[in-house]
Amino acid sequence: MTERITESEVGRSRPRKEDARLVTGQTNWTDNIGATGLLHLAILRSPMAHARIERVDVSAALEQPGVVAAFTGRDLAEGTGSLPCAWPVTEDIVLPDHPAVAVDEVRYAGDPVAVVVARDRYAAADALEAIEVDYTPLPPVLDLEDALTDNSPLVHEEHGTNRSYVWPMATGEDYGTVKGRADVVLTRRYVQQRLIPNAMEPRAVVVTPLDASGEYTVYSATQVPHVLPDVGGGFGSKLQVYGEEVVALVVARRLGRPVKWTESRSEGHLATHHGRGQIQDIEIAATREGRLLGLKVDLLADMGAYLMLVTPGIPILGAFMYPAIYKMDAYEFRCTGVFTTRTPTDAYRGAGRPEATYAIERIMDELAVELGLDPVELRRRNWIGHEEFPYTSIAGLTYDSGNYEAATDKALALFGYDELRAEQAKRNESGDSVRLGIGVSIYTEMCGLAPSRVLRDLRYAAGGWEAAGIRMLPTGKVEVVTGTSPHGQGHETCWSQIAADVLGVPFEDIEVVHGDTRSAPQGMDTYGSRSLVVGGAAVHHAAEKVVGKARKVAAHLLEAAEQDLEFTHGVFSVKGSPEARRTIQEVAFETFSSHDLPDGMEPTINAEYLLDPENFSYPHGTHLCAVEVDTETGRTSIRSYVCVDDVGRVVNPMIVEGQVHGGLAQGIAQALYEEAVYDDEGNLVSGSLADYLVPSAPDLPEFTTGRTETPATSNPLGVKGVGEAGTIASTPAVVNAIVDALRPLGVRDVAMPCSPGRVWEALQSARTGEEAPSS
């Protein structure tokens, strides 16, 4: 056994246990998995956004070298059924059938049409060219507003509408009444462009038949696991049941052979679900002194061609976050889900909360300008004071803890806010062609999905529970079994730290088991920044149960009453007789050997715990961005970026820093770089990394990060989520800074991504008095 240590593990910047195998190439990705007789799948995808399938002929493909089988959608229809949507948000939602392979009609460019199975992936891909498909083109549906008109073409003609659902919410006073007593009412339209997730590891699936038992083992790069190897990133794109997984299983069953499919990067751009895709109409009402009275939000949310696993619920998650940290008297929200002939949308890092934060933080800046107030001062006048927690927001969530004042004051000091404002004024007066802008974003978010009782009006398909188990091995080692599935978050390290502190067992003696549904059959998986606040807390509780069981055995072995035992740093000792002692690992061995147990005691101190949380956790923070914008070229450079986040108690500061940095990169990417672009026919023209700009390290600034700490009260660790915080906060901070730089020149908004071309267009429109394009 490793030498016992006495300092707390929680709070230490431990290097991640996972990294050694990752950086040395000794890990196992899904595409590394092989099997005897392995066959490879390739999928023919529609080149058209909308068309009727008249004929699919795979006969020529069957004659190609190495090809074993080929299937049309009709061939596979009986075995594949319809892909699931687990989150129908209204009783009358339009929920079309979603075939894994299209049968009669394709509804987006990339919709699967046929499947080839061959002895290697290259033969399978080559054979796709031999498949003959006859299409009759149908009109695409691309504009969200036009899609809802009576004369629009229909994505699913059998349903007679492109409207999937309407989800309204109204809380507090009547919004119309509150608006009537306002001195200032602002309306703004913001567009959330579509984003394409680009995880390091593409999607992949391997299915192997187990002939003796009639079972199948499915390996999938997913956030909601079957039996998993390592997963190289997800960002929500692997929170899904994809058609390729279903097809691989059906083909393996029909052929009785193991099957593998791995997407190419360009295939992933077409077929992996997209994120965002909203039109946000926002109205805010306030007094002339700057007190918020009410907020009205009207969303059009692009569902794409089908409803995926949680597609309808993603924009609705944001419904509870538009009021953010602010107090007001009335709130009205309405979301309309719209079908289009584009790739389906679903969860992408932040999942509804970045969109909400963007809208409220952008319009707060606009309101500050209208009232002649500093944007930070306007926020101070309206945020929830630290002494008011716990506080029930106008949207009905109970924020348990927070201190927006402390985080903001620290961020302003680190940023040098007053000095930058002074520099900005001087540069504006001089007419400098390179303008300085300062952006503010003060956010909170809800994370760690909680049960439906927390949001009674939201139709959750499942609660937010999570399972964990502790196995005390006779060797002195410990296995922590978790239902959460990491894909880069560092669960193996943090869960080891949590268990080490409770059990008093050395960090190095702990192994974390995850991702295998046979070893860890219970779990709700990883998304929504829930792993630590729910899964980690479940580990804590399970470890406490182990200590409770071990105490009974230790008391018996030491011939003492349980209440006379002390437990410190993994050692049970008798009060007043410190020489009478047993380590918890010694107790585990004695229990395993079962020679001397208390009456009625089973020979195990292992324990399991299923945690069903009472509430979300609510991290918050203040993000400040300074940009320089060249008004002659439209080029934006981030001069400095400061964020101070409050994620409650920190288990591993190094991992928190990494999560914040990664989140900032993705939020800044939406502000400046990334966009899924379609042409008028519905073809994705940003279908590769040559056309879709994912920033790398040289494209990003250095970040100055800090933390404040108000522990959560919703879990025993006091932790809050961190995985999505950077993404949620950073996008409005950057765009607010750009608009702030250009506002003296008449620019009120710049559509995302704020590329040099978009910035230049906004400047030209301001000079001519014309409206700049919104997307």
# chains A, B, ... in the order shown; residues from 1 in each chain; ligands from 1
$ residues_around --residues "segment 387-392 of chain A" --least-positions-apart "5" --cutoff "10 Å" --atoms "only C-alpha atoms" --output "ChimeraX atom specification"
/A:327,397-403,713
$ write_last_selection --atoms "N, CA and C atoms" --output "PDB file, in the first residue's frame"
ATOM      1  N   LYS A 327     -33.141  40.978 -10.557  1.00  0.00           N
ATOM      2  CA  LYS A 327     -34.467  41.042  -9.944  1.00  0.00           C
ATOM      3  C   LYS A 327     -35.388  41.859 -10.851  1.00  0.00           C
ATOM      4  N   LEU A 397     -36.489  29.497 -10.043  1.00  0.00           N
ATOM      5  CA  LEU A 397     -35.381  28.728  -9.499  1.00  0.00           C
ATOM      6  C   LEU A 397     -34.931  29.328  -8.173  1.00  0.00           C
ATOM      7  N   THR A 398     -34.548  28.476  -7.240  1.00  0.00           N
ATOM      8  CA  THR A 398     -34.033  28.966  -5.961  1.00  0.00           C
ATOM      9  C   THR A 398     -32.512  28.912  -5.991  1.00  0.00           C
ATOM     10  N   TYR A 399     -31.891  30.079  -6.150  1.00  0.00           N
ATOM     11  CA  TYR A 399     -30.437  30.180  -6.111  1.00  0.00           C
ATOM     12  C   TYR A 399     -30.005  30.060  -4.650  1.00  0.00           C
ATOM     13  N   ASP A 400     -29.198  29.048  -4.365  1.00  0.00           N
ATOM     14  CA  ASP A 400     -28.903  28.774  -2.960  1.00  0.00           C
ATOM     15  C   ASP A 400     -27.787  29.643  -2.404  1.00  0.00           C
ATOM     16  N   SER A 401     -26.818  30.039  -3.225  1.00  0.00           N
ATOM     17  CA  SER A 401     -25.693  30.825  -2.711  1.00  0.00           C
ATOM     18  C   SER A 401     -25.049  31.601  -3.845  1.00  0.00           C
ATOM     19  N   GLY A 402     -24.372  32.663  -3.497  1.00  0.00           N
ATOM     20  CA  GLY A 402     -23.662  33.457  -4.492  1.00  0.00           C
ATOM     21  C   GLY A 402     -23.206  34.775  -3.914  1.00  0.00           C
ATOM     22  N   ASN A 403     -22.261  35.386  -4.593  1.00  0.00           N
ATOM     23  CA  ASN A 403     -21.779  36.702  -4.187  1.00  0.00           C
ATOM     24  C   ASN A 403     -21.270  37.409  -5.433  1.00  0.00           C
ATOM     25  N   THR A 713     -25.049  24.782  -1.254  1.00  0.00           N
ATOM     26  CA  THR A 713     -25.712  24.118  -0.135  1.00  0.00           C
ATOM     27  C   THR A 713     -26.499  22.894  -0.593  1.00  0.00           C
TER      28      THR A 713
END
$ residues_around --residues "Ala538 of chain A" --least-positions-apart "5" --cutoff "6 Å" --atoms "only C-alpha atoms" --output "PyMOL selection string"
chain A and resi 468+609+611
$ residues_around --residues "Asp346 of chain A" --least-positions-apart "2" --cutoff "12 Å" --atoms "only C-alpha atoms" --output "ChimeraX atom specification"
/A:85-87,194-197,235-242,272-278,301-317,337,343-344,348-352
$ closest_atom_pairs --of "segment 569-630 of chain A" --to "segment 532-535 of chain A" --cutoff "8 Å" --atoms "only C-alpha atoms" --output "Markdown table"
| residue | atom | partner | partner_atom | distance |
| --- | --- | --- | --- | --- |
| A:Leu611 | CA | A:Val534 | CA | 6.9 |
| A:Asp612 | CA | A:Val534 | CA | 7.9 |
| A:Pro613 | CA | A:Val534 | CA | 6.9 |
| A:Ser617 | CA | A:Val533 | CA | 7.2 |
$ write_last_selection --atoms "all heavy atoms" --output "compact mmCIF listing (two decimals), in the first residue's frame"
# COMPACT_ATOMS: atom_id res chain seq x y z
N LEU A 611 -27.96 9.13 -5.58
CA LEU A 611 -28.27 10.49 -5.14
C LEU A 611 -29.27 11.13 -6.08
O LEU A 611 -29.06 11.19 -7.29
CB LEU A 611 -26.98 11.32 -5.11
CG LEU A 611 -27.15 12.82 -4.78
CD1 LEU A 611 -27.69 12.98 -3.36
CD2 LEU A 611 -25.84 13.56 -4.94
N ASP A 612 -30.36 11.60 -5.53
CA ASP A 612 -31.37 12.34 -6.28
C ASP A 612 -31.41 13.76 -5.73
O ASP A 612 -31.98 14.02 -4.67
CB ASP A 612 -32.73 11.67 -6.11
CG ASP A 612 -33.76 12.14 -7.12
OD1 ASP A 612 -33.39 12.89 -8.04
OD2 ASP A 612 -34.94 11.77 -7.00
N PRO A 613 -30.74 14.71 -6.40
CA PRO A 613 -30.54 16.03 -5.80
C PRO A 613 -31.83 16.82 -5.66
O PRO A 613 -32.77 16.68 -6.43
CB PRO A 613 -29.58 16.73 -6.77
CG PRO A 613 -29.81 16.05 -8.07
CD PRO A 613 -30.15 14.62 -7.75
N SER A 617 -27.14 23.28 -9.00
CA SER A 617 -26.12 24.16 -8.44
C SER A 617 -26.02 25.37 -9.36
O SER A 617 -26.34 25.29 -10.55
CB SER A 617 -24.78 23.46 -8.30
OG SER A 617 -24.14 23.34 -9.55
$ residues_around --residues "Arg748 of chain A" --least-positions-apart "2" --cutoff "9 Å" --atoms "only C-alpha atoms" --output "list in words"
Glu366, Val739, Asp740, Leu742, Arg743, Gly746, Val750, Ala762 and Ala766 of chain A
$ write_last_selection --atoms "N, CA and C atoms" --output "PDB file, in the first residue's frame"
ATOM      1  N   GLU A 366     -27.146  47.405 -23.853  1.00  0.00           N
ATOM      2  CA  GLU A 366     -27.924  48.372 -24.636  1.00  0.00           C
ATOM      3  C   GLU A 366     -28.754  49.270 -23.715  1.00  0.00           C
ATOM      4  N   VAL A 739     -19.032  45.802 -29.879  1.00  0.00           N
ATOM      5  CA  VAL A 739     -20.057  46.834 -30.082  1.00  0.00           C
ATOM      6  C   VAL A 739     -19.692  48.092 -29.299  1.00  0.00           C
ATOM      7  N   ASP A 740     -19.155  47.924 -28.107  1.00  0.00           N
ATOM      8  CA  ASP A 740     -18.719  49.074 -27.311  1.00  0.00           C
ATOM      9  C   ASP A 740     -17.648  49.873 -28.038  1.00  0.00           C
ATOM     10  N   LEU A 742     -17.313  50.171 -31.252  1.00  0.00           N
ATOM     11  CA  LEU A 742     -17.827  50.775 -32.484  1.00  0.00           C
ATOM     12  C   LEU A 742     -19.052  51.650 -32.271  1.00  0.00           C
ATOM     13  N   ARG A 743     -19.596  51.662 -31.045  1.00  0.00           N
ATOM     14  CA  ARG A 743     -20.817  52.425 -30.795  1.00  0.00           C
ATOM     15  C   ARG A 743     -20.661  53.917 -31.091  1.00  0.00           C
ATOM     16  N   GLY A 746     -21.679  54.682 -34.509  1.00  0.00           N
ATOM     17  CA  GLY A 746     -23.059  54.409 -34.901  1.00  0.00           C
ATOM     18  C   GLY A 746     -23.432  52.951 -35.001  1.00  0.00           C
ATOM     19  N   VAL A 750     -23.350  43.729 -34.089  1.00  0.00           N
ATOM     20  CA  VAL A 750     -22.591  43.017 -35.114  1.00  0.00           C
ATOM     21  C   VAL A 750     -23.010  41.559 -35.028  1.00  0.00           C
ATOM     22  N   ALA A 762     -20.919  46.210 -40.770  1.00  0.00           N
ATOM     23  CA  ALA A 762     -21.637  46.982 -39.761  1.00  0.00           C
ATOM     24  C   ALA A 762     -21.196  48.435 -39.775  1.00  0.00           C
ATOM     25  N   ALA A 766     -23.578  51.637 -40.721  1.00  0.00           N
ATOM     26  CA  ALA A 766     -23.734  52.769 -39.811  1.00  0.00           C
ATOM     27  C   ALA A 766     -23.452  54.091 -40.532  1.00  0.00           C
TER      28      ALA A 766
END
$ residues_around --residues "segment 154-167 of chain A" --least-positions-apart "3" --cutoff "7 Å" --atoms "only C-alpha atoms" --output "ChimeraX atom specification"
/A:90,93-94,107,141,147-148,305,334-341
$ atom_distance --atom1 "atom CA of Glu215 of chain A" --atom2 "atom CA of Leu249 of chain A"
10.8 Å
$ atom_distance --atom1 "atom CA of Ser730 of chain A" --atom2 "atom CA of Thr484 of chain A"
26.7 Å
$ select_by_dssp --residues "segment 393-634 of chain A" --states "helix (DSSP H, G or I)" --output "MDAnalysis selection string"
chainID A and resid 404:415 417:430 491:503 507:509 531:557 562:564 584:593
$ closest_residue --among "A:Ala109, A:Val650, A:Leu689, A:Leu299" --to "Ala712 of chain A" --atoms "only C-alpha atoms"
A:Val650
$ closest_residue --among "A:Val553, A:Val539, A:Ala170, A:Val117" --to "Gln497 of chain A" --atoms "only C-alpha atoms"
A:Val539
$ residues_around --residues "segment 50-67 of chain A" --least-positions-apart "3" --cutoff "6 Å" --atoms "only C-alpha atoms" --output "PDB file with N, CA, C and O atoms, in the first residue's frame"
ATOM      1  N   ASP A 104     -38.270   6.942 -47.878  1.00  0.00           N
ATOM      2  CA  ASP A 104     -39.017   7.572 -48.963  1.00  0.00           C
ATOM      3  C   ASP A 104     -38.574   9.001 -49.254  1.00  0.00           C
ATOM      4  O   ASP A 104     -38.803   9.503 -50.354  1.00  0.00           O
ATOM      5  N   GLU A 105     -37.968   9.667 -48.265  1.00  0.00           N
ATOM      6  CA  GLU A 105     -37.667  11.087 -48.426  1.00  0.00           C
ATOM      7  C   GLU A 105     -36.422  11.429 -47.629  1.00  0.00           C
ATOM      8  O   GLU A 105     -36.226  10.919 -46.521  1.00  0.00           O
ATOM      9  N   VAL A 106     -35.566  12.288 -48.210  1.00  0.00           N
ATOM     10  CA  VAL A 106     -34.435  12.827 -47.459  1.00  0.00           C
ATOM     11  C   VAL A 106     -34.787  14.248 -47.052  1.00  0.00           C
ATOM     12  O   VAL A 106     -35.437  14.986 -47.805  1.00  0.00           O
ATOM     13  N   ARG A 107     -34.330  14.636 -45.844  1.00  0.00           N
ATOM     14  CA  ARG A 107     -34.774  15.912 -45.296  1.00  0.00           C
ATOM     15  C   ARG A 107     -33.635  16.822 -44.872  1.00  0.00           C
ATOM     16  O   ARG A 107     -33.865  17.876 -44.306  1.00  0.00           O
ATOM     17  N   TYR A 108     -32.415  16.433 -45.121  1.00  0.00           N
ATOM     18  CA  TYR A 108     -31.275  17.337 -44.969  1.00  0.00           C
ATOM     19  C   TYR A 108     -30.094  16.755 -45.732  1.00  0.00           C
ATOM     20  O   TYR A 108     -30.015  15.537 -45.958  1.00  0.00           O
ATOM     21  N   VAL A 117     -21.309  -2.677 -46.541  1.00  0.00           N
ATOM     22  CA  VAL A 117     -20.488  -3.408 -45.576  1.00  0.00           C
ATOM     23  C   VAL A 117     -19.384  -4.111 -46.357  1.00  0.00           C
ATOM     24  O   VAL A 117     -19.666  -4.853 -47.304  1.00  0.00           O
ATOM     25  N   ALA A 118     -18.127  -3.873 -45.961  1.00  0.00           N
ATOM     26  CA  ALA A 118     -17.000  -4.465 -46.689  1.00  0.00           C
ATOM     27  C   ALA A 118     -15.930  -4.917 -45.709  1.00  0.00           C
ATOM     28  O   ALA A 118     -15.998  -4.644 -44.509  1.00  0.00           O
ATOM     29  N   ARG A 119     -14.901  -5.580 -46.269  1.00  0.00           N
ATOM     30  CA  ARG A 119     -13.856  -6.144 -45.420  1.00  0.00           C
ATOM     31  C   ARG A 119     -12.887  -5.086 -44.908  1.00  0.00           C
ATOM     32  O   ARG A 119     -12.153  -5.340 -43.960  1.00  0.00           O
ATOM     33  N   ALA A 123     -12.603  -0.157 -49.086  1.00  0.00           N
ATOM     34  CA  ALA A 123     -13.478  -0.844 -50.024  1.00  0.00           C
ATOM     35  C   ALA A 123     -14.927  -0.416 -49.828  1.00  0.00           C
ATOM     36  O   ALA A 123     -15.683  -0.214 -50.794  1.00  0.00           O
ATOM     37  N   ALA A 127     -17.156   1.631 -52.682  1.00  0.00           N
ATOM     38  CA  ALA A 127     -18.369   1.010 -53.227  1.00  0.00           C
ATOM     39  C   ALA A 127     -19.571   1.940 -53.181  1.00  0.00           C
ATOM     40  O   ALA A 127     -20.543   1.727 -53.922  1.00  0.00           O
ATOM     41  N   ALA A 130     -20.853   3.292 -56.447  1.00  0.00           N
ATOM     42  CA  ALA A 130     -21.573   2.427 -57.381  1.00  0.00           C
ATOM     43  C   ALA A 130     -23.076   2.384 -57.106  1.00  0.00           C
ATOM     44  O   ALA A 130     -23.835   1.825 -57.899  1.00  0.00           O
ATOM     45  N   ILE A 131     -23.520   2.959 -56.006  1.00  0.00           N
ATOM     46  CA  ILE A 131     -24.945   2.951 -55.678  1.00  0.00           C
ATOM     47  C   ILE A 131     -25.669   3.984 -56.531  1.00  0.00           C
ATOM     48  O   ILE A 131     -25.226   5.129 -56.665  1.00  0.00           O
ATOM     49  N   GLU A 132     -26.778   3.598 -57.101  1.00  0.00           N
ATOM     50  CA  GLU A 132     -27.587   4.498 -57.923  1.00  0.00           C
ATOM     51  C   GLU A 132     -28.822   4.932 -57.137  1.00  0.00           C
ATOM     52  O   GLU A 132     -29.543   4.102 -56.591  1.00  0.00           O
ATOM     53  N   VAL A 133     -29.036   6.250 -57.092  1.00  0.00           N
ATOM     54  CA  VAL A 133     -30.195   6.806 -56.396  1.00  0.00           C
ATOM     55  C   VAL A 133     -30.877   7.812 -57.312  1.00  0.00           C
ATOM     56  O   VAL A 133     -30.216   8.689 -57.889  1.00  0.00           O
ATOM     57  N   ASP A 134     -32.173   7.674 -57.481  1.00  0.00           N
ATOM     58  CA  ASP A 134     -32.963   8.652 -58.226  1.00  0.00           C
ATOM     59  C   ASP A 134     -33.740   9.507 -57.234  1.00  0.00           C
ATOM     60  O   ASP A 134     -34.486   8.976 -56.390  1.00  0.00           O
ATOM     61  N   TYR A 135     -33.544  10.818 -57.320  1.00  0.00           N
ATOM     62  CA  TYR A 135     -34.224  11.770 -56.437  1.00  0.00           C
ATOM     63  C   TYR A 135     -35.154  12.660 -57.250  1.00  0.00           C
ATOM     64  O   TYR A 135     -34.856  13.021 -58.395  1.00  0.00           O
ATOM     65  N   THR A 136     -36.258  13.033 -56.652  1.00  0.00           N
ATOM     66  CA  THR A 136     -37.093  14.122 -57.161  1.00  0.00           C
ATOM     67  C   THR A 136     -36.954  15.280 -56.184  1.00  0.00           C
ATOM     68  O   THR A 136     -37.387  15.176 -55.030  1.00  0.00           O
ATOM     69  N   PRO A 137     -36.341  16.386 -56.615  1.00  0.00           N
ATOM     70  CA  PRO A 137     -36.088  17.484 -55.681  1.00  0.00           C
ATOM     71  C   PRO A 137     -37.385  18.073 -55.119  1.00  0.00           C
ATOM     72  O   PRO A 137     -38.405  18.181 -55.811  1.00  0.00           O
ATOM     73  N   LEU A 138     -37.325  18.416 -53.854  1.00  0.00           N
ATOM     74  CA  LEU A 138     -38.411  19.124 -53.173  1.00  0.00           C
ATOM     75  C   LEU A 138     -37.854  20.439 -52.641  1.00  0.00           C
ATOM     76  O   LEU A 138     -36.641  20.561 -52.399  1.00  0.00           O
ATOM     77  N   PRO A 140     -36.436  23.277 -50.355  1.00  0.00           N
ATOM     78  CA  PRO A 140     -35.875  23.293 -49.006  1.00  0.00           C
ATOM     79  C   PRO A 140     -36.638  24.248 -48.099  1.00  0.00           C
ATOM     80  O   PRO A 140     -37.322  25.164 -48.564  1.00  0.00           O
TER      81      PRO A 140
END
$ closest_residue --among "A:Ala20, A:Ala543, A:Val481, A:Ile384" --to "Val505 of chain A" --atoms "only C-alpha atoms"
A:Ala543
$ residues_around --residues "Ala542 of chain A" --least-positions-apart "6" --cutoff "9 Å" --atoms "only C-alpha atoms" --output "list in words"
Ala467, Ala468, Gly469, Ile470, Ala499, Asn606, Ala607, Glu608, Tyr609 and Leu610 of chain A
$ closest_residue --among "A:Arg707, A:Arg181, A:Arg342, A:Arg74" --to "Gly621 of chain A" --atoms "only C-alpha atoms"
A:Arg707
$ select_by_dssp --residues "segment 218-461 of chain A" --states "strand (DSSP E)" --output "number ranges by chain"
A: 218-220, 259-262, 275-286, 292-304, 330-339, 391-392, 398-399, 434-444
$ closest_residue --among "A:Ala102, A:Ile605, A:Ala42, A:Ile728" --to "Val251 of chain A" --atoms "only C-alpha atoms"
A:Ala42
$ atom_distance --atom1 "atom CA of Ala199 of chain A" --atom2 "atom CA of Gly662 of chain A"
12.0 Å
$ closest_residue --among "A:Leu367, A:Leu83, A:Ala669, A:Val587" --to "Thr287 of chain A" --atoms "only C-alpha atoms"
A:Leu367
